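Student: Take a look at upload_14.csv, CSV, C-alpha atoms and all ligand atoms:
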chain,number,residue,atom,x,y,z
J,1,MET,CA,2.4,24.1,-15.3
J,2,LYS,CA,-0.9,23.6,-13.4
J,3,ILE,CA,-3.3,20.8,-13.0
J,4,THR,CA,-6.6,22.1,-14.4
J,5,LYS,CA,-8.8,18.9,-14.2
J,6,ALA,CA,-8.8,15.3,-13.0
J,7,ALA,CA,-11.4,12.7,-13.6
J,8,VAL,CA,-11.9,9.0,-12.8
J,9,ASN,CA,-12.7,6.6,-15.7
J,10,THR,CA,-14.3,3.2,-14.8
J,11,THR,CA,-14.5,0.6,-17.5
J,12,SER,CA,-14.9,-3.1,-17.8
J,13,PRO,CA,-13.5,-4.7,-21.0
J,14,GLY,CA,-13.8,-8.2,-19.5
J,15,ARG,CA,-12.9,-7.1,-16.0
J,16,ASN,CA,-13.1,-3.8,-14.1
J,17,PHE,CA,-10.5,-1.0,-14.3
J,18,VAL,CA,-10.3,2.4,-12.6
J,19,THR,CA,-8.1,5.0,-14.3
J,20,LEU,CA,-7.4,8.6,-13.2
J,21,LYS,CA,-6.8,11.1,-16.0
J,22,VAL,CA,-5.0,14.4,-14.9
J,23,GLU,CA,-5.1,17.3,-17.3
J,24,THR,CA,-2.9,20.5,-17.2
J,25,ASP,CA,-2.9,24.0,-18.6
J,26,GLU,CA,-0.3,23.1,-21.2
J,27,GLY,CA,-2.5,20.4,-22.8
J,28,ILE,CA,-0.4,17.6,-21.4
J,29,TYR,CA,-2.3,14.9,-19.5
J,30,GLY,CA,-1.2,11.9,-17.5
J,31,LEU,CA,-2.8,8.5,-16.6
J,32,GLY,CA,-2.8,6.6,-13.3
J,33,ASP,CA,-4.2,3.2,-12.4
J,34,GLY,CA,-6.4,2.9,-9.3
J,35,THR,CA,-7.8,-0.6,-9.8
J,36,LEU,CA,-8.4,-2.7,-6.7
J,37,ASN,CA,-9.9,-6.0,-7.6
J,38,GLY,CA,-13.3,-6.5,-6.0
J,39,ARG,CA,-13.3,-3.0,-4.4
J,40,GLU,CA,-12.9,-0.7,-7.4
J,41,LEU,CA,-15.6,1.8,-6.6
J,42,ALA,CA,-14.1,2.5,-3.2
J,43,VAL,CA,-11.0,3.8,-4.9
J,44,ALA,CA,-13.0,5.7,-7.5
J,45,SER,CA,-15.0,7.4,-4.8
J,46,TYR,CA,-11.8,8.2,-2.7
J,47,LEU,CA,-10.3,9.9,-5.7
J,48,THR,CA,-13.4,11.8,-6.8
J,49,GLU,CA,-14.7,12.9,-3.4
J,50,HIS,CA,-11.5,13.4,-1.4
J,51,VAL,CA,-8.4,13.7,-3.6
J,52,ILE,CA,-9.2,15.5,-6.9
J,53,PRO,CA,-10.4,18.7,-5.2
J,54,CYS,CA,-7.1,19.0,-3.4
J,55,ILE,CA,-4.8,18.6,-6.5
J,56,VAL,CA,-6.5,20.9,-9.0
J,57,GLY,CA,-4.3,24.0,-9.2
J,58,ARG,CA,-1.2,22.2,-8.1
J,59,ASP,CA,2.1,22.0,-10.1
J,60,PRO,CA,2.2,18.4,-11.4
J,61,PHE,CA,6.0,18.5,-11.2
J,62,GLU,CA,5.8,18.6,-7.4
J,63,THR,CA,5.4,14.8,-7.1
J,64,GLU,CA,7.1,14.5,-3.7
J,65,ASP,CA,5.1,17.2,-2.0
J,66,ILE,CA,1.8,16.1,-3.5
J,67,TRP,CA,2.5,12.5,-2.4
J,68,GLN,CA,3.3,13.7,1.2
J,69,TYR,CA,0.2,15.9,1.1
J,70,LEU,CA,-2.1,13.0,0.1
J,71,TYR,CA,-0.4,10.5,2.5
J,72,ARG,CA,0.1,12.6,5.7
J,73,GLY,CA,-2.8,15.0,5.0
J,74,ALA,CA,-5.4,12.2,5.0
J,75,TYR,CA,-4.5,11.5,8.7
J,76,TRP,CA,-5.9,8.0,8.2
J,77,ARG,CA,-2.9,6.2,6.7
J,78,ARG,CA,-2.1,3.2,4.5
J,79,GLY,CA,-4.4,0.5,3.4
J,80,PRO,CA,-5.1,-0.6,-0.2
J,81,VAL,CA,-7.9,1.9,-1.0
J,82,THR,CA,-5.9,4.9,0.2
J,83,MET,CA,-2.6,3.9,-1.4
J,84,SER,CA,-4.2,2.9,-4.7
J,85,ALA,CA,-5.8,6.3,-4.9
J,86,ILE,CA,-2.5,8.0,-4.0
J,87,ALA,CA,-0.7,5.8,-6.6
J,88,ALA,CA,-3.2,6.8,-9.3
J,89,VAL,CA,-2.3,10.5,-8.8
J,90,ASP,CA,1.4,9.8,-8.4
J,91,VAL,CA,1.7,7.7,-11.6
J,92,ALA,CA,-0.3,10.3,-13.6
J,93,LEU,CA,2.0,13.1,-12.5
J,94,TRP,CA,5.1,11.1,-13.5
J,95,ASP,CA,3.5,10.4,-16.8
J,96,ILE,CA,2.9,14.2,-17.2
J,97,LYS,CA,6.5,14.9,-16.1
J,98,GLY,CA,7.9,12.5,-18.7
J,99,LYS,CA,5.8,13.9,-21.5
J,100,ALA,CA,6.6,17.5,-20.6
J,101,LEU,CA,10.4,16.7,-20.6
J,102,GLY,CA,10.0,14.6,-23.7
J,103,THR,CA,11.6,11.5,-22.1
J,104,PRO,CA,10.4,8.0,-21.0
J,105,VAL,CA,9.7,7.7,-17.2
J,106,TYR,CA,12.6,5.2,-16.8
J,107,ASN,CA,14.9,8.2,-17.4
J,108,LEU,CA,13.4,10.0,-14.5
J,109,LEU,CA,14.1,6.9,-12.3
J,110,GLY,CA,17.8,6.6,-13.0
J,111,GLY,CA,17.9,5.7,-16.7
J,112,LYS,CA,18.2,2.2,-18.1
J,113,SER,CA,19.9,-0.4,-15.8
J,114,ARG,CA,19.0,-3.1,-18.4
J,115,ASP,CA,17.5,-3.4,-21.8
J,116,GLY,CA,14.9,-6.1,-21.4
J,117,VAL,CA,12.8,-6.9,-18.3
J,118,LEU,CA,12.7,-10.6,-17.4
J,119,VAL,CA,9.0,-11.7,-17.1
J,120,TYR,CA,7.3,-14.9,-15.9
J,121,GLY,CA,4.0,-16.3,-17.4
J,122,HIS,CA,1.3,-18.4,-15.7
J,123,ALA,CA,1.1,-22.0,-16.7
J,124,ASN,CA,-1.8,-23.9,-15.1
J,125,GLY,CA,-3.9,-27.0,-15.7
J,126,LYS,CA,-6.7,-29.0,-14.0
J,127,ASP,CA,-4.2,-31.7,-13.4
J,128,THR,CA,-0.4,-32.3,-13.7
J,129,GLU,CA,-0.5,-33.4,-17.3
J,130,THR,CA,-2.5,-30.3,-18.5
J,131,ALA,CA,-0.3,-28.1,-16.5
J,132,LEU,CA,2.8,-29.6,-18.1
J,133,GLU,CA,1.3,-29.0,-21.5
J,134,ASP,CA,0.7,-25.3,-20.6
J,135,VAL,CA,4.4,-25.0,-19.4
J,136,ALA,CA,5.4,-26.4,-22.8
J,137,ARG,CA,3.3,-23.7,-24.5
J,138,HIS,CA,5.0,-21.0,-22.5
J,139,VAL,CA,8.4,-22.3,-23.3
J,140,GLU,CA,7.5,-22.3,-27.0
J,141,GLN,CA,6.4,-18.7,-26.7
J,142,GLY,CA,9.9,-17.9,-25.4
J,143,PHE,CA,9.3,-17.5,-21.7
J,144,LYS,CA,12.4,-18.1,-19.5
J,145,ALA,CA,10.4,-18.2,-16.3
J,146,VAL,CA,7.0,-19.9,-15.7
J,147,ARG,CA,4.7,-20.0,-12.7
J,148,VAL,CA,3.2,-23.5,-12.4
J,149,GLN,CA,-0.1,-24.1,-10.7
J,150,SER,CA,-2.3,-27.2,-11.0
J,151,GLY,CA,-5.6,-28.7,-9.8
J,152,ILE,CA,-5.1,-30.8,-6.6
J,153,PRO,CA,-6.4,-34.4,-6.5
J,154,GLY,CA,-9.1,-34.7,-4.0
J,155,ILE,CA,-10.5,-31.2,-4.1
J,156,LYS,CA,-12.9,-29.8,-6.7
J,157,THR,CA,-11.5,-26.3,-7.2
J,158,THR,CA,-8.3,-24.4,-6.4
J,159,TYR,CA,-6.5,-21.1,-7.0
J,160,GLY,CA,-5.0,-20.2,-10.3
J,161,ILE,CA,-6.7,-22.7,-12.6
J,162,ALA,CA,-8.6,-21.3,-15.6
J,163,LYS,CA,-12.1,-22.5,-16.0
J,164,GLY,CA,-12.3,-24.1,-19.5
J,165,ALA,CA,-10.0,-22.9,-22.3
J,166,GLY,CA,-10.1,-19.2,-21.3
J,167,ARG,CA,-7.4,-17.4,-19.4
J,168,TYR,CA,-7.5,-17.5,-15.6
J,169,GLU,CA,-9.4,-14.5,-14.3
J,170,PRO,CA,-10.1,-14.6,-10.5
J,171,ALA,CA,-12.8,-11.9,-10.3
J,172,GLU,CA,-16.3,-13.0,-11.0
J,173,ARG,CA,-19.4,-10.9,-11.6
J,174,GLY,CA,-22.1,-11.5,-9.1
J,175,LEU,CA,-21.6,-12.4,-5.4
J,176,PRO,CA,-18.4,-14.2,-4.3
J,177,SER,CA,-18.1,-17.9,-5.4
J,178,GLU,CA,-17.0,-20.4,-2.8
J,179,ALA,CA,-13.8,-22.5,-3.4
J,180,GLU,CA,-12.7,-25.5,-1.3
J,181,TRP,CA,-9.3,-26.1,0.2
J,182,SER,CA,-7.3,-28.9,1.8
J,183,THR,CA,-3.8,-28.2,2.9
J,184,GLU,CA,-3.1,-32.0,3.3
J,185,HIS,CA,-4.1,-32.7,-0.3
J,186,TYR,CA,-2.0,-29.8,-1.5
J,187,LEU,CA,1.1,-30.6,0.4
J,188,ARG,CA,1.0,-34.2,-0.9
J,189,HIS,CA,0.6,-33.0,-4.4
J,190,ALA,CA,2.8,-29.9,-4.9
J,191,PRO,CA,6.3,-31.6,-4.7
J,192,LYS,CA,5.1,-34.3,-7.2
J,193,LEU,CA,4.0,-31.6,-9.6
J,194,PHE,CA,7.5,-30.0,-9.6
J,195,GLU,CA,9.3,-33.3,-9.8
J,196,LYS,CA,7.4,-33.9,-13.1
J,197,VAL,CA,8.1,-30.3,-14.3
J,198,ARG,CA,11.9,-30.6,-13.7
J,199,GLU,CA,11.9,-34.1,-15.3
J,200,ARG,CA,10.2,-32.8,-18.4
J,201,PHE,CA,11.8,-29.4,-18.8
J,202,GLY,CA,15.2,-29.7,-17.1
J,203,GLU,CA,17.0,-27.4,-14.7
J,204,GLU,CA,17.3,-24.2,-16.8
J,205,LEU,CA,13.7,-23.0,-16.9
J,206,HIS,CA,13.0,-20.6,-13.9
J,207,LEU,CA,10.0,-22.1,-12.0
J,208,LEU,CA,7.8,-20.2,-9.7
J,209,HIS,CA,4.8,-21.2,-7.5
J,210,ASP,CA,2.2,-19.3,-5.6
J,211,CYS,CA,0.9,-20.8,-2.3
J,212,HIS,CA,-1.5,-17.8,-2.2
J,213,HIS,CA,-1.4,-17.2,1.6
J,214,ARG,CA,-2.8,-20.7,2.5
J,215,LEU,CA,-0.2,-22.3,4.7
J,216,THR,CA,0.9,-21.9,8.3
J,217,PRO,CA,4.6,-21.0,8.6
J,218,ILE,CA,5.6,-24.6,9.6
J,219,GLU,CA,3.5,-26.0,6.7
J,220,ALA,CA,5.3,-23.6,4.3
J,221,ALA,CA,8.6,-24.6,5.8
J,222,ARG,CA,7.8,-28.3,5.0
J,223,LEU,CA,6.8,-27.4,1.5
J,224,GLY,CA,9.9,-25.2,1.0
J,225,LYS,CA,12.1,-28.1,2.1
J,226,GLU,CA,10.4,-30.6,-0.1
J,227,LEU,CA,10.8,-28.2,-3.1
J,228,GLU,CA,14.4,-27.4,-2.5
J,229,SER,CA,15.8,-30.0,-4.9
J,230,PHE,CA,13.7,-28.5,-7.7
J,231,HIS,CA,15.5,-25.1,-7.2
J,232,LEU,CA,12.4,-22.8,-7.6
J,233,PHE,CA,13.0,-19.2,-8.5
J,234,TRP,CA,10.5,-18.5,-5.7
J,235,MET,CA,7.7,-19.8,-3.5
J,236,GLU,CA,5.1,-17.0,-3.3
J,237,ASP,CA,2.8,-15.9,-0.4
J,238,PRO,CA,3.7,-19.0,1.6
J,239,THR,CA,1.7,-17.8,4.6
J,240,THR,CA,-0.4,-14.8,5.5
J,241,ALA,CA,1.9,-11.8,6.2
J,242,GLU,CA,0.2,-9.9,9.0
J,243,LEU,CA,2.6,-11.8,11.3
J,244,GLN,CA,5.9,-10.9,9.6
J,245,GLU,CA,7.7,-13.0,12.2
J,246,GLY,CA,6.0,-16.1,10.8
J,247,PHE,CA,8.5,-15.9,7.9
J,248,LYS,CA,11.4,-16.4,10.3
J,249,VAL,CA,10.0,-20.0,10.9
J,250,ILE,CA,10.0,-20.7,7.2
J,251,ARG,CA,13.5,-19.2,6.8
J,252,GLU,CA,15.0,-21.4,9.5
J,253,HIS,CA,14.0,-24.6,7.6
J,254,THR,CA,14.5,-23.9,3.9
J,255,THR,CA,16.6,-22.2,1.3
J,256,THR,CA,13.7,-22.0,-1.2
J,257,PRO,CA,13.5,-18.3,-2.1
J,258,ILE,CA,10.4,-16.5,-0.8
J,259,ALA,CA,8.4,-13.7,-2.5
J,260,VAL,CA,5.6,-11.8,-0.8
J,261,GLY,CA,3.8,-8.5,-0.9
J,262,GLU,CA,1.2,-8.2,-3.7
J,263,VAL,CA,-1.4,-7.4,-1.0
J,264,PHE,CA,0.9,-4.9,0.8
J,265,SER,CA,0.2,-1.1,0.5
J,266,SER,CA,3.2,0.2,2.4
J,267,VAL,CA,6.9,-0.6,2.9
J,268,TRP,CA,5.9,-0.8,6.6
J,269,ASP,CA,4.0,-4.0,5.7
J,270,ALA,CA,7.4,-5.5,4.8
J,271,HIS,CA,9.7,-3.6,7.2
J,272,ASP,CA,10.7,-6.6,9.4
J,273,LEU,CA,10.6,-9.1,6.4
J,274,ILE,CA,13.2,-7.0,4.6
J,275,ARG,CA,15.5,-5.9,7.5
J,276,ASN,CA,15.7,-9.5,8.8
J,277,GLN,CA,16.2,-10.9,5.3
J,278,TRP,CA,13.2,-13.2,5.8
J,279,ILE,CA,12.2,-12.7,2.2
J,280,ASP,CA,14.0,-12.6,-1.2
J,281,TYR,CA,11.5,-10.7,-3.4
J,282,LEU,CA,9.1,-7.9,-2.7
J,283,ARG,CA,5.9,-8.1,-4.8
J,284,MET,CA,4.2,-4.8,-3.7
J,285,THR,CA,3.5,-3.1,-6.9
J,286,ILE,CA,3.1,0.5,-8.2
J,287,VAL,CA,-0.7,0.6,-8.1
J,288,HIS,CA,-1.3,-0.8,-4.6
J,289,GLY,CA,1.9,0.4,-3.1
J,290,GLY,CA,1.4,4.2,-3.5
J,291,GLY,CA,3.0,4.9,-6.9
J,292,PHE,CA,6.6,5.5,-8.1
J,293,THR,CA,7.3,7.9,-5.3
J,294,ALA,CA,6.6,5.2,-2.7
J,295,LEU,CA,8.1,2.3,-4.5
J,296,LYS,CA,11.4,4.0,-5.2
J,297,LYS,CA,11.8,4.4,-1.5
J,298,ALA,CA,10.7,0.8,-0.8
J,299,ALA,CA,13.0,-0.6,-3.5
J,300,ASP,CA,16.0,1.3,-2.2
J,301,PHE,CA,15.4,0.1,1.4
J,302,ALA,CA,15.0,-3.5,0.1
J,303,ALA,CA,18.3,-3.2,-1.8
J,304,MET,CA,20.2,-2.7,1.4
J,305,TYR,CA,19.1,-6.2,2.5
J,306,HIS,CA,19.6,-8.1,-0.8
J,307,VAL,CA,15.9,-8.1,-1.4
J,308,ARG,CA,14.9,-7.7,-5.1
J,309,THR,CA,11.6,-6.6,-6.7
J,310,GLY,CA,9.2,-9.1,-8.2
J,311,PHE,CA,6.2,-6.9,-9.0
J,312,HIS,CA,2.7,-8.3,-9.1
J,313,GLY,CA,1.4,-8.2,-12.7
J,314,ALA,CA,-2.0,-9.9,-12.7
J,315,THR,CA,-4.8,-9.1,-15.2
J,316,ASP,CA,-6.5,-7.0,-12.5
J,317,LEU,CA,-3.7,-4.4,-12.7
J,318,SER,CA,-4.4,-2.3,-15.8
J,319,PRO,CA,-2.0,-1.7,-18.7
J,320,VAL,CA,-1.2,1.6,-17.0
J,321,THR,CA,0.3,-0.3,-14.1
J,322,MET,CA,2.1,-2.7,-16.5
J,323,ALA,CA,3.6,0.2,-18.3
J,324,ALA,CA,4.6,1.9,-15.0
J,325,ALA,CA,6.1,-1.3,-13.7
J,326,LEU,CA,8.2,-1.9,-16.8
J,327,HIS,CA,9.6,1.6,-16.6
J,328,PHE,CA,10.5,1.0,-12.9
J,329,ASP,CA,11.8,-2.5,-13.7
J,330,THR,CA,14.0,-1.0,-16.4
J,331,ALA,CA,15.6,1.5,-14.1
J,332,ILE,CA,16.1,0.2,-10.6
J,333,HIS,CA,19.2,-1.8,-9.8
J,334,ASN,CA,17.7,-4.5,-7.5
J,335,PHE,CA,15.2,-5.7,-10.1
J,336,GLY,CA,14.2,-9.4,-9.8
J,337,ILE,CA,11.5,-10.4,-12.2
J,338,GLN,CA,8.1,-9.1,-13.4
J,339,GLU,CA,4.8,-11.0,-13.5
J,340,LEU,CA,3.0,-11.0,-16.8
J,341,MET,CA,-0.6,-12.1,-17.1
J,342,PRO,CA,-1.5,-10.8,-20.6
J,343,HIS,CA,-4.7,-8.8,-20.8
J,344,ASN,CA,-7.5,-9.7,-23.3
J,345,GLU,CA,-7.7,-8.0,-26.6
J,346,GLU,CA,-10.6,-5.7,-25.5
J,347,THR,CA,-8.4,-4.4,-22.7
J,348,ASP,CA,-5.4,-3.8,-24.9
J,349,ALA,CA,-7.7,-1.9,-27.3
J,350,VAL,CA,-9.0,0.3,-24.5
J,351,PHE,CA,-5.4,1.0,-23.3
J,352,PRO,CA,-3.2,1.3,-26.4
J,353,HIS,CA,0.4,1.0,-25.2
J,354,GLN,CA,4.1,0.9,-26.4
J,355,TYR,CA,5.3,-2.0,-24.2
J,356,TYR,CA,5.9,-5.3,-25.8
J,357,PHE,CA,7.0,-8.9,-25.2
J,358,LYS,CA,10.0,-10.6,-27.0
J,359,ASP,CA,11.9,-13.7,-26.2
J,360,GLY,CA,10.9,-14.0,-22.5
J,361,MET,CA,11.5,-10.3,-21.9
J,362,MET,CA,9.4,-7.1,-21.9
J,363,TYR,CA,10.3,-3.6,-23.0
J,364,PRO,CA,8.5,-0.4,-21.9
J,365,GLY,CA,9.0,1.5,-25.2
J,366,ASP,CA,11.0,4.7,-25.5
J,367,GLY,CA,8.3,7.3,-26.0
J,368,PRO,CA,7.8,10.2,-23.5
J,369,GLY,CA,6.0,9.4,-20.3
J,370,LEU,CA,4.6,5.9,-19.7
J,371,GLY,CA,3.7,5.1,-23.3
J,372,VAL,CA,0.1,4.1,-22.6
J,373,ASP,CA,-3.1,5.8,-23.4
J,374,LEU,CA,-6.9,5.5,-22.7
J,375,ASP,CA,-9.4,5.3,-25.5
J,376,GLU,CA,-12.3,6.9,-23.6
J,377,LYS,CA,-14.8,6.4,-26.4
J,378,LEU,CA,-14.1,2.6,-26.5
J,379,ALA,CA,-13.9,2.5,-22.7
J,380,ALA,CA,-17.4,3.9,-22.5
J,381,LYS,CA,-18.7,0.8,-24.3
J,382,TYR,CA,-17.8,-1.5,-21.3
J,383,GLU,CA,-19.9,-0.6,-18.3
J,384,TYR,CA,-18.6,-1.4,-14.8
J,385,GLN,CA,-20.1,-4.5,-13.3
J,386,ARG,CA,-19.6,-5.3,-9.7
J,387,ALA,CA,-17.3,-8.3,-9.3
J,388,TYR,CA,-15.8,-10.2,-6.4
J,389,LEU,CA,-12.9,-12.5,-5.7
J,390,PRO,CA,-13.9,-15.9,-4.4
J,391,VAL,CA,-13.9,-16.9,-0.8
J,392,ASN,CA,-12.3,-20.1,0.3
J,393,ARG,CA,-13.4,-22.8,2.8
J,394,LYS,CA,-11.6,-25.9,4.2
J,395,LEU,CA,-13.3,-29.2,3.6
J,396,ASP,CA,-15.0,-28.9,7.0
J,397,GLY,CA,-16.5,-25.6,6.1
J,398,THR,CA,-14.1,-23.4,8.0
J,399,LEU,CA,-13.5,-20.1,6.2
J,400,THR,CA,-9.9,-19.8,5.2
J,401,ASP,CA,-7.7,-17.6,3.0
J,402,TRP,CA,-8.4,-17.5,-0.7
K,501,LIG,C1,-2.0,-13.8,-7.9
K,501,LIG,C2,-3.1,-12.9,-8.4
K,501,LIG,O1,-0.9,-13.1,-9.8
K,501,LIG,C3,-0.8,-13.5,-8.6
K,501,LIG,O2,0.3,-13.8,-8.0
K,501,LIG,O3,-1.8,-13.9,-6.5
K,501,LIG,O4,-3.7,-13.6,-9.5
K,501,LIG,C4,-4.2,-12.6,-7.4
K,501,LIG,O5,-4.9,-13.7,-7.0
K,501,LIG,C5,-5.1,-11.5,-8.0
K,501,LIG,O6,-4.3,-10.5,-8.4
K,501,LIG,C6,-6.1,-11.1,-7.0
K,501,LIG,O7,-6.8,-10.0,-7.6
K,502,MG,MG,0.2,-14.1,-6.0
In structure tokens, what does this structure look like?
Ligand code: CS2
Ligand code: MG

Tutor:
Amino acid sequence: MKITKAAVNTTSPGRNFVTLKVETDEGIYGLGDGTLNGRELAVASYLTEHVIPCIVGRDPFETEDIWQYLYRGAYWRRGPVTMSAIAAVDVALWDIKGKALGTPVYNLLGGKSRDGVLVYGHANGKDTETALEDVARHVEQGFKAVRVQSGIPGIKTTYGIAKGAGRYEPAERGLPSEAEWSTEHYLRHAPKLFEKVRERFGEELHLLHDCHHRLTPIEAARLGKELESFHLFWMEDPTTAELQEGFKVIREHTTTPIAVGEVFSSVWDAHDLIRNQWIDYLRMTIVHGGGFTALKKAADFAAMYHVRTGFHGATDLSPVTMAAALHFDTAIHNFGIQELMPHNEETDAVFPHQYYFKDGMMYPGDGPGLGVDLDEKLAAKYEYQRAYLPVNRKLDGTLTDW
């Protein structure tokens, strides 16, 4: 089998997506996601200008050699643009392999280790009461795990809170909006929020929370300690992760489990975090981490240190990545949990798929390959529009992490 053509599709059914379609001389094609929120065209150009010319003519079954060729052959290594482009190729080739062999991709990754994949949904609200109402809605929908975020008294905006009745979508068209932040207000509020959630919903519901890279290690240690009695499933992105050693400070003070990695593009970004057991869940996902070929290696390394996966699954990862993640989650032994921010109807129509949600779990479907497709005619109706993630400033105007 030979790759005869590959092309990048950019569409925007409510938000931007970049998809690679790889075609072969046997009429089988595969899809890969290359979406990088706020920097989509950088990946599209990397694929079109630098990658596609090198893969045409190759055998799509040679996933390992093609991955090494694109990773080592670029000379300039790692980073979200490069690894999202490599992931788009890698996932498309595994999709082709599954289709050619007439089997779902999870069977190429070790077969089923579990039937359903435990997922968590996003409950949020402008204040504690509305956040609790949204938790109740998720429980009614059957979720066994819910991430809880709420507005913070004393500051106008904050991460993770939907504007109005719509779903939370961080990327905004036009130039970056500016959010405001106060760690002091946040640290006073967060423990009270979770006390109310446990009071209302009891101990069984898995609760998660995203600090979104905003604390220093010792501030995160304080929060982890104050949340301990609420037994969170995890505290996510407690601090920025360039300094992996910063997590040692947090670990020394609290048993609240820690998840990190949605912004990682290589296992080397988590090497010390994993081998020192400074974290409990690795969030690096298939699209930004370099594809199945890279993530299988990363997950096997993590398994040696009791670290489980907790893949990022926000709306800015396309249904192609959701499908890929669910196949991976179904097969690997050290699976932890999968994030689920449902896409809007337009997106689901552009990317018809087999995966489905039932009673707090998700299932990848058992068709050959990934079980997701791209309706190119419909995709063409939604033209790309440049969009940015917000920037964030402390109350004194100092730029900080969003
Ligand atoms: C968040 C994301 O889902 C999460 O855990 O951190 O919503 C993140 O803000 C976006 O994916 C950024 O594009
Ligand atoms: Mg996050």

Student: Which residue gives the smallest distance to ligand LIG 501 (chain K) among J:Gly289, J:Gly121, J:Pro352, J:Pro153, with all atoms listed in the file counted?

Tutor: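 Using all atoms listed in the file, ligand LIG 501 (chain K) sits closest to J:Gly121.
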
Student: Any idea what the distance is between atom CA of His206 of chain J and atom CA of Ala145 of chain J?

Tutor: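 Separation of atom CA of His206 of chain J and atom CA of Ala145 of chain J: 4.3 Å.
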
Student: Can you tell me which residues surround Ala42 of chain J at a distance of at most 12 Å, considering only C-alpha atoms, apart from same-chain residues fewer than 5 positions away, and format the answer as a ChimeraX atom specification?

Tutor: /J:8,10,18,34-37,47-50,79-85,386

Student: What does the distance between atom CA of Arg77 of chain J and atom CA of Val267 of chain J come to in Å, to one decimal place?

Tutor: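 The value is 12.5 Å.
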
Student: Please tell me which residues are no farther than 10 Å from (-3.5, -27.9, -1.5) in the file, counting all atoms listed in the file, and write them as a PDB file with C-alpha atoms, in the frame of the given file.

Tutor:
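Listed below is the output, selection_32.pdb:
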ATOM      1  CA  SER J 150      -2.300 -27.200 -11.000  1.00  0.00           C
ATOM      2  CA  GLY J 151      -5.600 -28.700  -9.800  1.00  0.00           C
ATOM      3  CA  ILE J 152      -5.100 -30.800  -6.600  1.00  0.00           C
ATOM      4  CA  PRO J 153      -6.400 -34.400  -6.500  1.00  0.00           C
ATOM      5  CA  GLY J 154      -9.100 -34.700  -4.000  1.00  0.00           C
ATOM      6  CA  ILE J 155     -10.500 -31.200  -4.100  1.00  0.00           C
ATOM      7  CA  THR J 157     -11.500 -26.300  -7.200  1.00  0.00           C
ATOM      8  CA  THR J 158      -8.300 -24.400  -6.400  1.00  0.00           C
ATOM      9  CA  TYR J 159      -6.500 -21.100  -7.000  1.00  0.00           C
ATOM     10  CA  GLU J 180     -12.700 -25.500  -1.300  1.00  0.00           C
ATOM     11  CA  TRP J 181      -9.300 -26.100   0.200  1.00  0.00           C
ATOM     12  CA  SER J 182      -7.300 -28.900   1.800  1.00  0.00           C
ATOM     13  CA  THR J 183      -3.800 -28.200   2.900  1.00  0.00           C
ATOM     14  CA  GLU J 184      -3.100 -32.000   3.300  1.00  0.00           C
ATOM     15  CA  HIS J 185      -4.100 -32.700  -0.300  1.00  0.00           C
ATOM     16  CA  TYR J 186      -2.000 -29.800  -1.500  1.00  0.00           C
ATOM     17  CA  LEU J 187       1.100 -30.600   0.400  1.00  0.00           C
ATOM     18  CA  ARG J 188       1.000 -34.200  -0.900  1.00  0.00           C
ATOM     19  CA  HIS J 189       0.600 -33.000  -4.400  1.00  0.00           C
ATOM     20  CA  ALA J 190       2.800 -29.900  -4.900  1.00  0.00           C
ATOM     21  CA  CYS J 211       0.900 -20.800  -2.300  1.00  0.00           C
ATOM     22  CA  ARG J 214      -2.800 -20.700   2.500  1.00  0.00           C
ATOM     23  CA  LEU J 215      -0.200 -22.300   4.700  1.00  0.00           C
TER      24      LEU J 215
END

Student: If I put a ball of radius 12 Å at (8.1, -34.7, -16.0) in the file's coordinates, which residues poke into it when counting all atoms listed in the file, written as an MDAnalysis selection string?

Tutor: chainID J and resid 128:133 135:136 191:203 230

Student: Take the residues that were just selected and, keeping C-alpha atoms, output them as a short mmCIF file (atom, residue, chain, number, x, y, z; two decimals), in the coordinates of the input.

Tutor:
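After the write, again.cif holds the following:
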data_model
loop_
_atom_site.label_atom_id
_atom_site.label_comp_id
_atom_site.auth_asym_id
_atom_site.auth_seq_id
_atom_site.Cartn_x
_atom_site.Cartn_y
_atom_site.Cartn_z
CA THR J 128 -0.40 -32.30 -13.70
CA GLU J 129 -0.50 -33.40 -17.30
CA THR J 130 -2.50 -30.30 -18.50
CA ALA J 131 -0.30 -28.10 -16.50
CA LEU J 132 2.80 -29.60 -18.10
CA GLU J 133 1.30 -29.00 -21.50
CA VAL J 135 4.40 -25.00 -19.40
CA ALA J 136 5.40 -26.40 -22.80
CA PRO J 191 6.30 -31.60 -4.70
CA LYS J 192 5.10 -34.30 -7.20
CA LEU J 193 4.00 -31.60 -9.60
CA PHE J 194 7.50 -30.00 -9.60
CA GLU J 195 9.30 -33.30 -9.80
CA LYS J 196 7.40 -33.90 -13.10
CA VAL J 197 8.10 -30.30 -14.30
CA ARG J 198 11.90 -30.60 -13.70
CA GLU J 199 11.90 -34.10 -15.30
CA ARG J 200 10.20 -32.80 -18.40
CA PHE J 201 11.80 -29.40 -18.80
CA GLY J 202 15.20 -29.70 -17.10
CA GLU J 203 17.00 -27.40 -14.70
CA PHE J 230 13.70 -28.50 -7.70
#

Student: Could you pull out the residues sitting within 8 Å of ligand MG 502 (chain K), using all atoms listed in the file, and write them as a list in words?

Tutor: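 Written in the requested form, the residues are Asp210, Cys211, His212, Glu236, Asp237, Val260, Glu262 and His312 of chain J.
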
Student: Please identify all polymer residues within 9 Å of Tyr382 of chain J, counting all atoms listed in the file, omitting same-chain residues fewer than 3 positions from it, and present them as a list of chain:residue names.

Tutor: J:Thr10, J:Thr11, J:Ser12, J:Pro13, J:Gly14, J:Asn16, J:Leu378, J:Ala379, J:Gln385

Student: So that I can check the surroundings of Ile86 of chain J, please list as a VMD selection string every protein, DNA and RNA residue that reaches within 12 Å of it, counting all atoms listed in the file and ignoring chain neighbours fewer than 2 positions away.

Tutor: chain J and resid 20 32 to 35 43 to 44 46 to 48 50 to 52 54 to 55 63 to 64 66 to 74 77 to 84 88 to 93 265 to 266 286 to 294
